[in-house]
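Peer 1: Below is the structure I would like to discuss, written out as structure tokens.
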Amino acid sequence: MAEIRKPRALATQAAGKAGRFGRANLAATLRAKEEGKKVAYAYINNAQDEIIRAMDIVPAWGENFAGVCSAKRDAERFLQKAESENFSRSLCTYATCTIGFDMWREELGGEMPPNTPWGGMGRPDMIIGSAQQLCDPRIKWPQATRHYLQDVPVWMGTMYYPPWDPAGDHREQEELYVKYATEELRSLVRFCEKHTGRKMDWDRLDATVELTDRTWDFFIDSYELRKTIPTPMDTGDAMNTMVPLTFNLGTQEALDFYKELYAELKEKIAHRKGVAEDEKYRLVWGAGLPSWFALGDFQYFNEKGAVFPVEVTYRNAEKIERLDLPETRDPLEHIAWRWVRLWTRWFDKARKRPGSLPKVERIIEYMEDYQCDGVVFHSAFSCRSWHAGIIQQEQVLKKVYGDVPTLIMEGDIVDISSYNEVDTRNRIDAFIETLAARKGRR
Amino acid sequence: MAEAQSGGLAAAEKHYSDYGERARGLKSSGKKIIGYLSALCPVEILTAAGVVPVRLKGNVSEAITKADAHVETMVCPFVRNVFDAALKGKYAYLDGIVLPHQCDSIDRTYDVWSYGLEFPYWHFINYPHVTDDPSIEFTREILRIFIGTLEKFTGRRITDGDLAGAVSAHNENRRAMRSLYDLRKEEVPRISGAEMMKVLVAAMSLPVDESTALIRGVTDEVKGRAPGSRAKTARIMLVGDQIDDVALVNAIEGTGAFLVMDDLSTGSKMYWADVDATPDPVQGIVDRYLKKLKFPTTFVAEGSTYSENLEARFGYLRQYLKDFKVDGTILFIYKYCDPYGFEVPAVKSFIESAGTPVLYIEDEYSTSSLGRVKTRIEAFLEMIA
Amino acid sequence: MQDMGQGDYFAGVDIGSTMTKVVLLGGGKEFSLVGPTGPEHRKLANRVMEEALGLAGIAFSEVTCVVATGYGRINVPFADRQVTEITCHAKGLSSLLPSARTVIDIGGQDCKGIRIENGKVVDFVMNDKCAAGTGRFLEIIAEALGVPLSQMGELSLTAVKPAVISNTCTVFAEQEVISQLSNGESVPNLLAGIHQAIATRIHAMAGKLKIAPDIAITGGGAKNAGLVRALETRFGRPALVPREPLLTGALGAALMGQEIYEKAVRAGSTLARKPRKLGEASFF
């Protein structure tokens, strides 16, 4: 597909390197067979990275592949393939894009469709799903894929956390959820052992868990440098720098990446190099997966002096010490505690502020810590999991915290046919004017 | 257990047209009424608690006007419509609402419901999506937590005896409904699909014993009808989630076809599969709702090959096709529904290979596009004639 | 037994969203008429029918069976039967082009794909929710570019390099076209791009059928040479187009009427019909 605009300029070198992780990940799936390794279709933020990496299973991330197709504006042909099988266009487009690709690859007897972005994904030996509390499509996606790859076994387990209840205390249920999650992870280990023909090396798993803990720490440490004014990095870059945390967690390379990012940001801060030439407005990216085909919109914000020092999206980590995790010798139990504590992180704050919500508390915390003037949300139509509830977040934020300038943009993660650049830019312009008026009043 | 066969189709019509009418009456005589979404809700527990469970529905003929200010339009159109109805005060008589974790559209809007509507009682049943042993154990605990909140709300203990009694009553209710369904196996069914829809909707708004009595009343009335003599036309099965209005059924039967069977969350999913009487009653309840019920939102892992797995997931549909002598199936799936949407290719090809053509329609929970839907249904019926 | 038709004439009335078509078959002849549907289609159906009868020189009572089809088929009070346009287009097209097994009908407000085996419909798919892929889309673009609708096809074939239109939503596509026009893109290139975009949408819709040759294109869209060419490129094979693409539905309806009548005769019964009068619909 023809590139209609020049690619978005990146503020950091690290962000530029992140693309290599994505390419390398895909290439690894294509080489795996000859290297004697197993390929697993896998999905992000399922707390399964350590198990997968400790067993030398090569993950193939549909969510990354679809994001790349989207960024290259070459997703439509795969979406149409899925549509021809009666997958509705209203479904998660990460899934339908990847399933369309899988169908096509099968029809070609394992060969890649012509000019598949970044060489495509290797055919999996297994599919590791998760019925976690974050996203329904990822419960159905593995099963739907199996209809076209019928010999590929599918694993599905749960990763739950206590639901938010303003009148309750989630700690009363923590142990129930941690016990359950731990057993589910154990079941995954058995599945991996069965389909790799190898036993889990528990020492290696221990070491991998420690590695991921430290990666989380470095990730947060580097991101917190963005509190500086002017901010050295914004969400446009973060949509690249999230790649190692999201797709390479459990590898030394991912840890090293965030050490490098930390150093680079420190350097930029030392030279007072910000993302925008003239930083006027600091914004929280409050919720929503970005339109991968329109990351240039961040540059549009930057040109108007608006920067995003902090985002909620793809920042699914926290400094380990803040989670106050109970001691345990069992690495799986440690992962389970980390999971439950991460996803209930803002429950206490929300309970202390009547009428609030945990997701809103997170936004408020970021607004204060990163000294932001407003919040932008992106509502992607094919993703209920992360976008249903944004209207309420905006309302509750204003109700409990004050009349903060907010903007809700609309589009999709992969399906460009719904995107209107003119309309989007108009909305951004109007929002900037609101911000300007607010600042003028102070 | 009620003895009198109170009312038949006339009573069903009344409860269908003025939905919740009986619940409102019971409310004013001091009963507590709890609304719920989804066939996943363990109604036995609500009955055991002494409250009246009422299945929530929207209105396909009514446009959504208030909900859009609170809920995104890419949320399940059914969930949005029900929430809209609640915002408009249609459920003002409720004392509370129970929402099971069936899908994202419910899970992601639960806070919108509970923050936006003023009811004293709210509960979110955090069902898992898988059915392995740890999940069964987890769900037992989840249901115990649910029972605890009901005890607190009603101020009285729910004993194992209460639960066992409720299980028995609801099993009885299901048996009664299955007997009514049996009449649809006739060559010329004496109860139409439209009448059946009204009975299903009426039944889900009544306390269990009254529901059973109504169903029995209808069954007796239908058995008393003279045998049908219409020329044989297509026998149709309708597959989908919550369909709770005759509009679609009339579109199917309007050309002379019979709607003889369904796999709907308002229909056979409510009434097939009983709860086993287990020493711990909660165990039997968990088994039914997680393992026996087949929902797209519950992952079925059984089978060592893909075709065995398909059989575990959809085999019961083949049985329906056979038992009810189905000529064609209509798969009616709401837009923006990931759980059903991702299954369409698999379930469509399963039913087709079981020997029945399938019409797949994607639509909203609304009659606004009924004309278009009718054309497709009619073309399908012309095609299979 | 009501007024049975004396001659063996069969009428098909196809009330589409934009055009009403009537076909009369009988006495070894075929008469046809096309008129605008207009907003009051229930009032105009009988007028078009009267005109057609006039053309054929026969009285209404001589018509043995009237079958109505199309979007407005329920508003034809003098019809003996209603049959969907899917079945009728398949029937009509099959009689004209017996080798066609995949039919694409591009109408004013909807488009359909129909699979035919041995003259019978075996599968179908419709897009009637969104304008992309229908005549309406073409109308909007024609307006935006200031090109008469009837010339769009021919003009698009003179394109040097089709423009890329990424939006499938009609409203956005219109904006995109205007934007590219003001950036200097040529009208033929834009038209070619639009035809490609429509062909892509139609091909995606038809992808749900197991496409089998021969492919035939009918409906108003079939009169657009540029669209036919774009579809042939998308499908990767030449497509057949009937002589009168607007009439296949009405023709099919008339043939259905004949089939229904002959079936009744073979079964030894008379055609069950309620009494009919050629008049306006008095209610809606």
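Letters for chains follow the order of the structure tokens (A, B, ...), residue numbers begin at 1 for each chain, and ligand numbers begin at 1 in the order shown.
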Find the spatial neighbours of Asp237 (chain A), counting only C-alpha atoms, within a cut-off of 10 Å - ignore same-chain residues fewer than 4 positions away - and output them as a compact mmCIF listing (two decimals) with C-alpha atoms, in the first residue's frame.
Peer 2:
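Output contents, as saved in result-v5.txt:
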```
# COMPACT_ATOMS: atom_id res chain seq x y z
CA ARG A 8 6.11 10.05 12.39
CA ALA A 9 9.42 11.40 13.64
CA LEU A 10 10.44 9.75 16.88
CA ALA A 11 11.74 11.68 19.81
CA THR A 12 13.93 8.94 21.17
CA GLN A 13 16.39 6.56 19.63
CA ALA A 14 15.07 3.81 21.84
CA ALA A 15 11.69 4.09 20.20
CA GLY A 16 13.40 3.72 16.87
CA ALA A 18 11.81 -0.97 19.36
CA MET A 233 9.32 11.40 25.65
CA THR A 241 8.87 1.59 23.63
CA MET A 242 6.13 -0.61 25.03
CA VAL A 275 9.44 16.34 22.71
CA LEU A 295 0.32 7.48 14.98
CA PHE A 298 0.68 12.45 18.03
CA PHE A 308 1.73 13.32 26.42
```
Peer 1: Determine which residues of chain C sit within 12 Å of chain B, taking into account only C-alpha atoms, and present them as a ChimeraX atom specification.
Peer 2: /C:69-74,81-91,109-110,112,114-117,119-129,208,256
Peer 1: Keeping only N, CA and C atoms, take the residues you just selected and write them out as an mmCIF file, in the first residue's frame.
Peer 2:
```cif
data_model
loop_
_atom_site.group_PDB
_atom_site.id
_atom_site.type_symbol
_atom_site.label_atom_id
_atom_site.label_comp_id
_atom_site.auth_asym_id
_atom_site.auth_seq_id
_atom_site.Cartn_x
_atom_site.Cartn_y
_atom_site.Cartn_z
ATOM 1 N N THR C 69 -42.123 -8.237 -6.568
ATOM 2 C CA THR C 69 -40.833 -8.452 -5.917
ATOM 3 C C THR C 69 -40.194 -7.109 -5.620
ATOM 4 N N GLY C 70 -39.046 -7.132 -5.007
ATOM 5 C CA GLY C 70 -38.362 -5.879 -4.717
ATOM 6 C C GLY C 70 -38.740 -5.329 -3.351
ATOM 7 N N TYR C 71 -38.104 -4.270 -3.047
ATOM 8 C CA TYR C 71 -38.220 -3.578 -1.764
ATOM 9 C C TYR C 71 -39.667 -3.250 -1.415
ATOM 10 N N GLY C 72 -40.455 -2.896 -2.409
ATOM 11 C CA GLY C 72 -41.835 -2.479 -2.131
ATOM 12 C C GLY C 72 -42.865 -3.556 -2.428
ATOM 13 N N ARG C 73 -42.432 -4.794 -2.437
ATOM 14 C CA ARG C 73 -43.348 -5.849 -2.908
ATOM 15 C C ARG C 73 -44.595 -6.029 -2.051
ATOM 16 N N ILE C 74 -44.507 -5.636 -0.780
ATOM 17 C CA ILE C 74 -45.701 -5.823 0.048
ATOM 18 C C ILE C 74 -46.755 -4.761 -0.241
ATOM 19 N N ARG C 81 -48.839 -12.995 -5.560
ATOM 20 C CA ARG C 81 -47.789 -13.519 -4.694
ATOM 21 C C ARG C 81 -46.695 -12.464 -4.551
ATOM 22 N N GLN C 82 -45.981 -12.583 -3.411
ATOM 23 C CA GLN C 82 -44.740 -11.810 -3.267
ATOM 24 C C GLN C 82 -43.571 -12.782 -3.184
ATOM 25 N N VAL C 83 -42.570 -12.511 -3.953
ATOM 26 C CA VAL C 83 -41.366 -13.341 -3.911
ATOM 27 C C VAL C 83 -40.169 -12.405 -3.797
ATOM 28 N N THR C 84 -39.188 -12.781 -3.015
ATOM 29 C CA THR C 84 -38.062 -11.863 -2.823
ATOM 30 C C THR C 84 -37.279 -11.661 -4.121
ATOM 31 N N GLU C 85 -36.602 -10.528 -4.174
ATOM 32 C CA GLU C 85 -35.825 -10.197 -5.362
ATOM 33 C C GLU C 85 -34.645 -11.138 -5.558
ATOM 34 N N ILE C 86 -34.235 -11.804 -4.484
ATOM 35 C CA ILE C 86 -33.134 -12.764 -4.637
ATOM 36 C C ILE C 86 -33.575 -13.901 -5.558
ATOM 37 N N THR C 87 -34.717 -14.495 -5.208
ATOM 38 C CA THR C 87 -35.218 -15.599 -6.025
ATOM 39 C C THR C 87 -35.538 -15.117 -7.430
ATOM 40 N N CYS C 88 -36.125 -13.942 -7.546
ATOM 41 C CA CYS C 88 -36.532 -13.440 -8.859
ATOM 42 C C CYS C 88 -35.340 -13.087 -9.741
ATOM 43 N N HIS C 89 -34.343 -12.435 -9.192
ATOM 44 C CA HIS C 89 -33.166 -12.113 -10.005
ATOM 45 C C HIS C 89 -32.498 -13.388 -10.491
ATOM 46 N N ALA C 90 -32.442 -14.386 -9.602
ATOM 47 C CA ALA C 90 -31.809 -15.650 -9.993
ATOM 48 C C ALA C 90 -32.575 -16.288 -11.143
ATOM 49 N N LYS C 91 -33.886 -16.289 -11.006
ATOM 50 C CA LYS C 91 -34.732 -16.901 -12.029
ATOM 51 C C LYS C 91 -34.597 -16.158 -13.367
ATOM 52 N N GLN C 109 -29.918 1.034 -3.847
ATOM 53 C CA GLN C 109 -29.623 1.137 -2.425
ATOM 54 C C GLN C 109 -29.118 -0.143 -1.796
ATOM 55 N N ASP C 110 -28.966 -1.161 -2.581
ATOM 56 C CA ASP C 110 -28.385 -2.369 -1.995
ATOM 57 C C ASP C 110 -27.645 -3.134 -3.077
ATOM 58 N N LYS C 112 -26.454 -7.381 -4.007
ATOM 59 C CA LYS C 112 -26.598 -8.766 -3.583
ATOM 60 C C LYS C 112 -25.660 -9.654 -4.382
ATOM 61 N N ILE C 114 -25.662 -13.778 -5.468
ATOM 62 C CA ILE C 114 -26.529 -14.956 -5.456
ATOM 63 C C ILE C 114 -25.812 -16.107 -6.138
ATOM 64 N N ARG C 115 -25.822 -17.261 -5.494
ATOM 65 C CA ARG C 115 -25.235 -18.455 -6.125
ATOM 66 C C ARG C 115 -26.356 -19.309 -6.654
ATOM 67 N N ILE C 116 -26.176 -19.723 -7.885
ATOM 68 C CA ILE C 116 -27.217 -20.513 -8.544
ATOM 69 C C ILE C 116 -26.649 -21.850 -8.982
ATOM 70 N N GLU C 117 -27.397 -22.893 -8.751
ATOM 71 C CA GLU C 117 -27.061 -24.215 -9.306
ATOM 72 C C GLU C 117 -28.331 -24.768 -9.950
ATOM 73 N N GLY C 119 -30.309 -23.496 -11.976
ATOM 74 C CA GLY C 119 -31.389 -22.524 -11.982
ATOM 75 C C GLY C 119 -31.978 -22.200 -10.624
ATOM 76 N N LYS C 120 -31.473 -22.839 -9.576
ATOM 77 C CA LYS C 120 -32.034 -22.574 -8.253
ATOM 78 C C LYS C 120 -31.030 -21.841 -7.370
ATOM 79 N N VAL C 121 -31.548 -20.998 -6.483
ATOM 80 C CA VAL C 121 -30.687 -20.299 -5.527
ATOM 81 C C VAL C 121 -30.157 -21.300 -4.506
ATOM 82 N N VAL C 122 -28.850 -21.315 -4.316
ATOM 83 C CA VAL C 122 -28.285 -22.176 -3.270
ATOM 84 C C VAL C 122 -27.620 -21.383 -2.148
ATOM 85 N N ASP C 123 -27.352 -20.116 -2.403
ATOM 86 C CA ASP C 123 -26.782 -19.279 -1.353
ATOM 87 C C ASP C 123 -26.930 -17.827 -1.776
ATOM 88 N N PHE C 124 -26.954 -16.932 -0.826
ATOM 89 C CA PHE C 124 -27.038 -15.516 -1.182
ATOM 90 C C PHE C 124 -26.462 -14.670 -0.067
ATOM 91 N N VAL C 125 -26.100 -13.467 -0.431
ATOM 92 C CA VAL C 125 -25.586 -12.532 0.564
ATOM 93 C C VAL C 125 -26.042 -11.139 0.150
ATOM 94 N N MET C 126 -26.317 -10.299 1.117
ATOM 95 C CA MET C 126 -26.823 -8.966 0.789
ATOM 96 C C MET C 126 -26.084 -7.902 1.564
ATOM 97 N N ASN C 127 -25.940 -6.751 0.931
ATOM 98 C CA ASN C 127 -25.515 -5.589 1.669
ATOM 99 C C ASN C 127 -26.576 -4.527 1.460
ATOM 100 N N ASP C 128 -27.366 -4.309 2.496
ATOM 101 C CA ASP C 128 -28.381 -3.268 2.337
ATOM 102 C C ASP C 128 -28.330 -2.302 3.501
ATOM 103 N N LYS C 129 -27.229 -2.326 4.216
ATOM 104 C CA LYS C 129 -27.110 -1.431 5.362
ATOM 105 C C LYS C 129 -26.284 -0.206 5.042
ATOM 106 N N LYS C 208 -18.269 -14.181 0.690
ATOM 107 C CA LYS C 208 -18.950 -15.115 1.578
ATOM 108 C C LYS C 208 -19.594 -16.272 0.822
ATOM 109 N N MET C 256 -41.661 -16.661 -12.309
ATOM 110 C CA MET C 256 -42.113 -17.317 -11.076
ATOM 111 C C MET C 256 -43.617 -17.500 -11.123
#
```
Peer 1: When you draw a straight line from CA of Met409 (chain A) to CA of Phe431 (chain A), how long is it in Å?
Peer 2: 10.5 Å
Peer 1: Where does DSSP see helix (DSSP H, G or I) in region 82-141 of chain C, if you list the residues as a PyMOL selection string?
Peer 2: chain C and resi 85-96+135-141
Peer 1: Give me the residues within 9 Å of Ser418 (chain A) as a PyMOL selection string, counting only C-alpha atoms and dropping any in the same chain fewer than 4 places off.
Peer 2: (chain A and resi 381+410-412) or (chain C and resi 167-169+172)
Peer 1: Keeping only N, CA and C atoms, write the selected residues to a file as a PDB file, in the first residue's frame.
Peer 2:
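Resulting contents of again-v2.pdb:
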```pdb
ATOM      1  N   PHE A 381     -13.699   1.457  17.952  1.00  0.00           N
ATOM      2  CA  PHE A 381     -15.015   0.805  17.876  1.00  0.00           C
ATOM      3  C   PHE A 381     -14.972  -0.715  17.935  1.00  0.00           C
ATOM      4  N   GLU A 410     -12.437   9.252  18.250  1.00  0.00           N
ATOM      5  CA  GLU A 410     -13.042   7.988  17.818  1.00  0.00           C
ATOM      6  C   GLU A 410     -12.371   7.430  16.581  1.00  0.00           C
ATOM      7  N   GLY A 411     -12.209   6.125  16.567  1.00  0.00           N
ATOM      8  CA  GLY A 411     -11.592   5.497  15.397  1.00  0.00           C
ATOM      9  C   GLY A 411     -11.533   4.001  15.633  1.00  0.00           C
ATOM     10  N   ASP A 412     -10.424   3.387  15.198  1.00  0.00           N
ATOM     11  CA  ASP A 412     -10.245   1.968  15.485  1.00  0.00           C
ATOM     12  C   ASP A 412      -8.760   1.675  15.559  1.00  0.00           C
TER      13      ASP A 412
ATOM     14  N   ASN C 167     -11.050   5.170   2.192  1.00  0.00           N
ATOM     15  CA  ASN C 167     -12.259   5.118   3.004  1.00  0.00           C
ATOM     16  C   ASN C 167     -13.364   4.347   2.311  1.00  0.00           C
ATOM     17  N   THR C 168     -13.993   3.428   3.040  1.00  0.00           N
ATOM     18  CA  THR C 168     -15.116   2.715   2.451  1.00  0.00           C
ATOM     19  C   THR C 168     -16.431   3.345   2.847  1.00  0.00           C
ATOM     20  N   CYS C 169     -16.407   4.188   3.860  1.00  0.00           N
ATOM     21  CA  CYS C 169     -17.642   4.863   4.240  1.00  0.00           C
ATOM     22  C   CYS C 169     -17.917   5.943   3.203  1.00  0.00           C
ATOM     23  N   PHE C 172     -17.120   9.612   4.123  1.00  0.00           N
ATOM     24  CA  PHE C 172     -15.686   9.891   4.182  1.00  0.00           C
ATOM     25  C   PHE C 172     -15.043   9.812   2.811  1.00  0.00           C
TER      26      PHE C 172
END
```
Peer 1: As an MDAnalysis selection string, list the residues of region 29-244 of chain C assigned to strand (DSSP E or B) by DSSP on the backbone atoms of this structure.
Peer 2: chainID C and resid 29:36 63:69 81:82 102:106 111:117 120:127 215:218 239:240
Peer 1: Record the distance separating CA of Phe10 (chain C) and CA of Glu51 (chain C), expressed in Å with one decimal.
Peer 2: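 Straight-line distance from CA of Phe10 (chain C) to CA of Glu51 (chain C) works out to 15.2 Å.
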Peer 1: Return as JSON lines the residues of chain C lying at most 10 Å from chain A, together with the closest atom-to-atom pair for each and the distance in Å to one decimal, counting only C-alpha atoms, with rows in chain order and ascending residue number.
Peer 2:
```
{"residue": "C:Val164", "atom": "CA", "partner": "A:Ala2", "partner_atom": "CA", "distance": 8.5}
{"residue": "C:Ile165", "atom": "CA", "partner": "A:Ser417", "partner_atom": "CA", "distance": 9.7}
{"residue": "C:Ser166", "atom": "CA", "partner": "A:Ser417", "partner_atom": "CA", "distance": 6.4}
{"residue": "C:Asn167", "atom": "CA", "partner": "A:Ser417", "partner_atom": "CA", "distance": 4.5}
{"residue": "C:Thr168", "atom": "CA", "partner": "A:Ser417", "partner_atom": "CA", "distance": 5.3}
{"residue": "C:Cys169", "atom": "CA", "partner": "A:Ser417", "partner_atom": "CA", "distance": 6.6}
{"residue": "C:Val171", "atom": "CA", "partner": "A:Asn420", "partner_atom": "CA", "distance": 9.8}
{"residue": "C:Phe172", "atom": "CA", "partner": "A:Asn420", "partner_atom": "CA", "distance": 6.5}
{"residue": "C:Ala173", "atom": "CA", "partner": "A:Ser417", "partner_atom": "CA", "distance": 9.1}
{"residue": "C:Gln175", "atom": "CA", "partner": "A:Val422", "partner_atom": "CA", "distance": 8.9}
{"residue": "C:Glu176", "atom": "CA", "partner": "A:Asn420", "partner_atom": "CA", "distance": 8.9}
{"residue": "C:Ser179", "atom": "CA", "partner": "A:Val422", "partner_atom": "CA", "distance": 9.9}
{"residue": "C:Thr200", "atom": "CA", "partner": "A:Gln80", "partner_atom": "CA", "distance": 9.3}
{"residue": "C:Arg201", "atom": "CA", "partner": "A:Gln80", "partner_atom": "CA", "distance": 8.9}
{"residue": "C:His203", "atom": "CA", "partner": "A:Gln80", "partner_atom": "CA", "distance": 9.1}
{"residue": "C:Ala204", "atom": "CA", "partner": "A:Gln80", "partner_atom": "CA", "distance": 5.8}
{"residue": "C:Met205", "atom": "CA", "partner": "A:Ser84", "partner_atom": "CA", "distance": 6.9}
{"residue": "C:Ala206", "atom": "CA", "partner": "A:Ser84", "partner_atom": "CA", "distance": 7.5}
{"residue": "C:Gly207", "atom": "CA", "partner": "A:Ser84", "partner_atom": "CA", "distance": 4.5}
{"residue": "C:Lys208", "atom": "CA", "partner": "A:Ser84", "partner_atom": "CA", "distance": 4.2}
{"residue": "C:Leu209", "atom": "CA", "partner": "A:Ser84", "partner_atom": "CA", "distance": 7.7}
{"residue": "C:Lys210", "atom": "CA", "partner": "A:Ser84", "partner_atom": "CA", "distance": 9.5}
```
Peer 1: Hey, which of B:Met204, B:Met270, B:Val75, B:Ile147 ends up closest to chain A? Count only C-alpha atoms.
Peer 2: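 Going through B:Met204, B:Met270, B:Val75, B:Ile147 one by one, the smallest distance to chain A is for B:Val75.
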Peer 1: Counting only C-alpha atoms, which residues in chain B sit no more than 7 Å from chain A? For each one, give the nearest pair of atoms and the distance in Å, sorted by chain then residue number, as a tab-separated table.
Peer 2:
```
residue	atom	partner	partner_atom	distance
B:His70	CA	A:Ile391	CA	5.9
B:Val71	CA	A:Ile391	CA	6.6
B:Glu72	CA	A:Ala388	CA	5.8
B:Met74	CA	A:Phe381	CA	5.8
B:Val75	CA	A:Arg384	CA	6.3
B:Cys103	CA	A:Asp136	CA	6.6
B:Asp104	CA	A:Ser385	CA	5.9
B:Ser105	CA	A:Arg384	CA	6.8
B:Arg108	CA	A:Ala388	CA	5.9
B:Thr109	CA	A:Gly389	CA	6.2
B:Val112	CA	A:Gln392	CA	6.6
B:Pro128	CA	A:Thr158	CA	6.8
B:His129	CA	A:Ala131	CA	6.0
B:Val130	CA	A:Gly157	CA	6.4
B:Pro134	CA	A:Tyr180	CA	6.2
B:Phe138	CA	A:Tyr180	CA	6.6
B:Tyr306	CA	A:Gln150	CA	5.8
B:Lys335	CA	A:Ser90	CA	6.4
B:Tyr336	CA	A:Ser90	CA	5.1
B:Asp338	CA	A:Leu91	CA	5.7
B:Pro339	CA	A:Lys140	CA	6.4
B:Gly341	CA	A:Phe87	CA	6.4
B:Phe342	CA	A:Ala144	CA	6.0
B:Glu343	CA	A:Ala144	CA	6.4
B:Val344	CA	A:Asn86	CA	6.7
B:Pro345	CA	A:Glu85	CA	6.2
B:Ala346	CA	A:His147	CA	6.6
```
Peer 1: What lies within 8 Å of Pro36 (chain C) using only C-alpha atoms, ignoring chain neighbours under 6 positions off, as an mmCIF file with N, CA and C atoms, in the first residue's frame?
Peer 2:
```cif
data_model
loop_
_atom_site.group_PDB
_atom_site.id
_atom_site.type_symbol
_atom_site.label_atom_id
_atom_site.label_comp_id
_atom_site.auth_asym_id
_atom_site.auth_seq_id
_atom_site.Cartn_x
_atom_site.Cartn_y
_atom_site.Cartn_z
ATOM 1 N N THR C 18 -35.429 2.864 -6.297
ATOM 2 C CA THR C 18 -35.426 3.996 -7.226
ATOM 3 C C THR C 18 -36.298 3.767 -8.452
ATOM 4 N N MET C 19 -36.330 2.532 -8.965
ATOM 5 C CA MET C 19 -37.064 2.262 -10.201
ATOM 6 C C MET C 19 -38.081 1.139 -10.028
ATOM 7 N N THR C 20 -39.212 1.293 -10.667
ATOM 8 C CA THR C 20 -40.215 0.220 -10.725
ATOM 9 C C THR C 20 -40.183 -0.377 -12.123
#
```
Peer 1: Might you pull out every residue within 9 Å of Arg157 (chain B), with only C-alpha atoms counted and same-chain residues fewer than 3 positions away left off, and present them as a ChimeraX atom specification?
Peer 2: /B:49,147-148,150-152,154
Peer 1: Output the selection as a short mmCIF file (atom, residue, chain, number, x, y, z; two decimals), in the first residue's frame - N, CA and C atoms for each residue.
Peer 2:
```cif
data_model
loop_
_atom_site.label_atom_id
_atom_site.label_comp_id
_atom_site.auth_asym_id
_atom_site.auth_seq_id
_atom_site.Cartn_x
_atom_site.Cartn_y
_atom_site.Cartn_z
N ALA B 49 -33.21 -17.44 48.33
CA ALA B 49 -33.10 -16.27 49.21
C ALA B 49 -34.45 -15.66 49.51
N ILE B 147 -24.17 -15.73 47.76
CA ILE B 147 -25.16 -16.10 48.77
C ILE B 147 -25.01 -15.21 50.00
N GLY B 148 -23.77 -14.97 50.41
CA GLY B 148 -23.50 -14.10 51.56
C GLY B 148 -24.10 -12.71 51.40
N LEU B 150 -26.63 -11.90 49.59
CA LEU B 150 -28.09 -11.98 49.64
C LEU B 150 -28.58 -12.14 51.08
N GLU B 151 -27.83 -12.92 51.85
CA GLU B 151 -28.19 -13.08 53.26
C GLU B 151 -28.16 -11.74 53.97
N LYS B 152 -27.11 -10.98 53.66
CA LYS B 152 -26.98 -9.65 54.28
C LYS B 152 -28.15 -8.77 53.86
N THR B 154 -31.21 -9.64 52.67
CA THR B 154 -32.55 -10.03 53.12
C THR B 154 -32.63 -10.15 54.64
#
```
Peer 1: Rank nothing, just name the residue among C:Ile194, C:Ile178, C:Ile106, C:Ile140 nearest to Lys223 (chain C), using only C-alpha atoms.
Peer 2: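 Nearest to Lys223 (chain C): C:Ile106.
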Peer 1: Near Tyr271 (chain B), counting only C-alpha atoms, which residues have an atom at most 9 Å away, once you skip same-chain residues fewer than 4 positions from it, shown as a list in words?
Peer 2: Asn171, Asn173, Arg174, Arg175, Ala176, Met177, Arg178, Thr266 and Gly267 of chain B
Peer 1: Just to confirm, what's the straight-line distance from CA of Asn309 (chain B) to CA of Ala60 (chain A) in Å (one decimal)?
Peer 2: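 We find that CA of Asn309 (chain B) and CA of Ala60 (chain A) lie 23.9 Å from each other.
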Peer 1: Applying 10 Å and only C-alpha atoms, which residues near Leu9 (chain B) remain after dropping the ones on its own chain fewer than 4 positions away? List them as a ChimeraX atom specification.
Peer 2: /B:13-15,191,195-196,198-199,202,214-215,217-219,221-222
Peer 1: Store the residues picked out above, limited to C-alpha atoms, as a compact mmCIF listing (two decimals), in the first residue's frame.
Peer 2:
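New file result-v7.txt:
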```txt
# COMPACT_ATOMS: atom_id res chain seq x y z
CA GLU B 13 -50.04 -12.73 26.52
CA LYS B 14 -50.75 -10.51 29.50
CA HIS B 15 -47.35 -11.05 31.11
CA ILE B 191 -48.40 -23.99 19.29
CA GLU B 195 -47.07 -18.08 21.04
CA MET B 196 -44.08 -19.95 22.41
CA LYS B 198 -44.73 -15.12 24.61
CA VAL B 199 -44.75 -18.05 27.01
CA ALA B 202 -43.88 -14.50 30.48
CA LEU B 214 -48.45 -20.98 33.66
CA ILE B 215 -46.47 -23.39 31.51
CA GLY B 217 -51.77 -24.21 31.82
CA VAL B 218 -50.51 -23.47 28.33
CA THR B 219 -49.56 -27.11 27.74
CA GLU B 221 -54.63 -25.65 26.49
CA VAL B 222 -52.50 -26.58 23.49
```
Peer 1: Given the choices B:Glu253, B:Val188, B:Glu210, B:Cys41, which gets closest to Ala226 (chain B) if the distance is worked out from only C-alpha atoms?
Peer 2: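 Ranking B:Glu253, B:Val188, B:Glu210, B:Cys41 by distance to Ala226 (chain B), first place goes to B:Val188.
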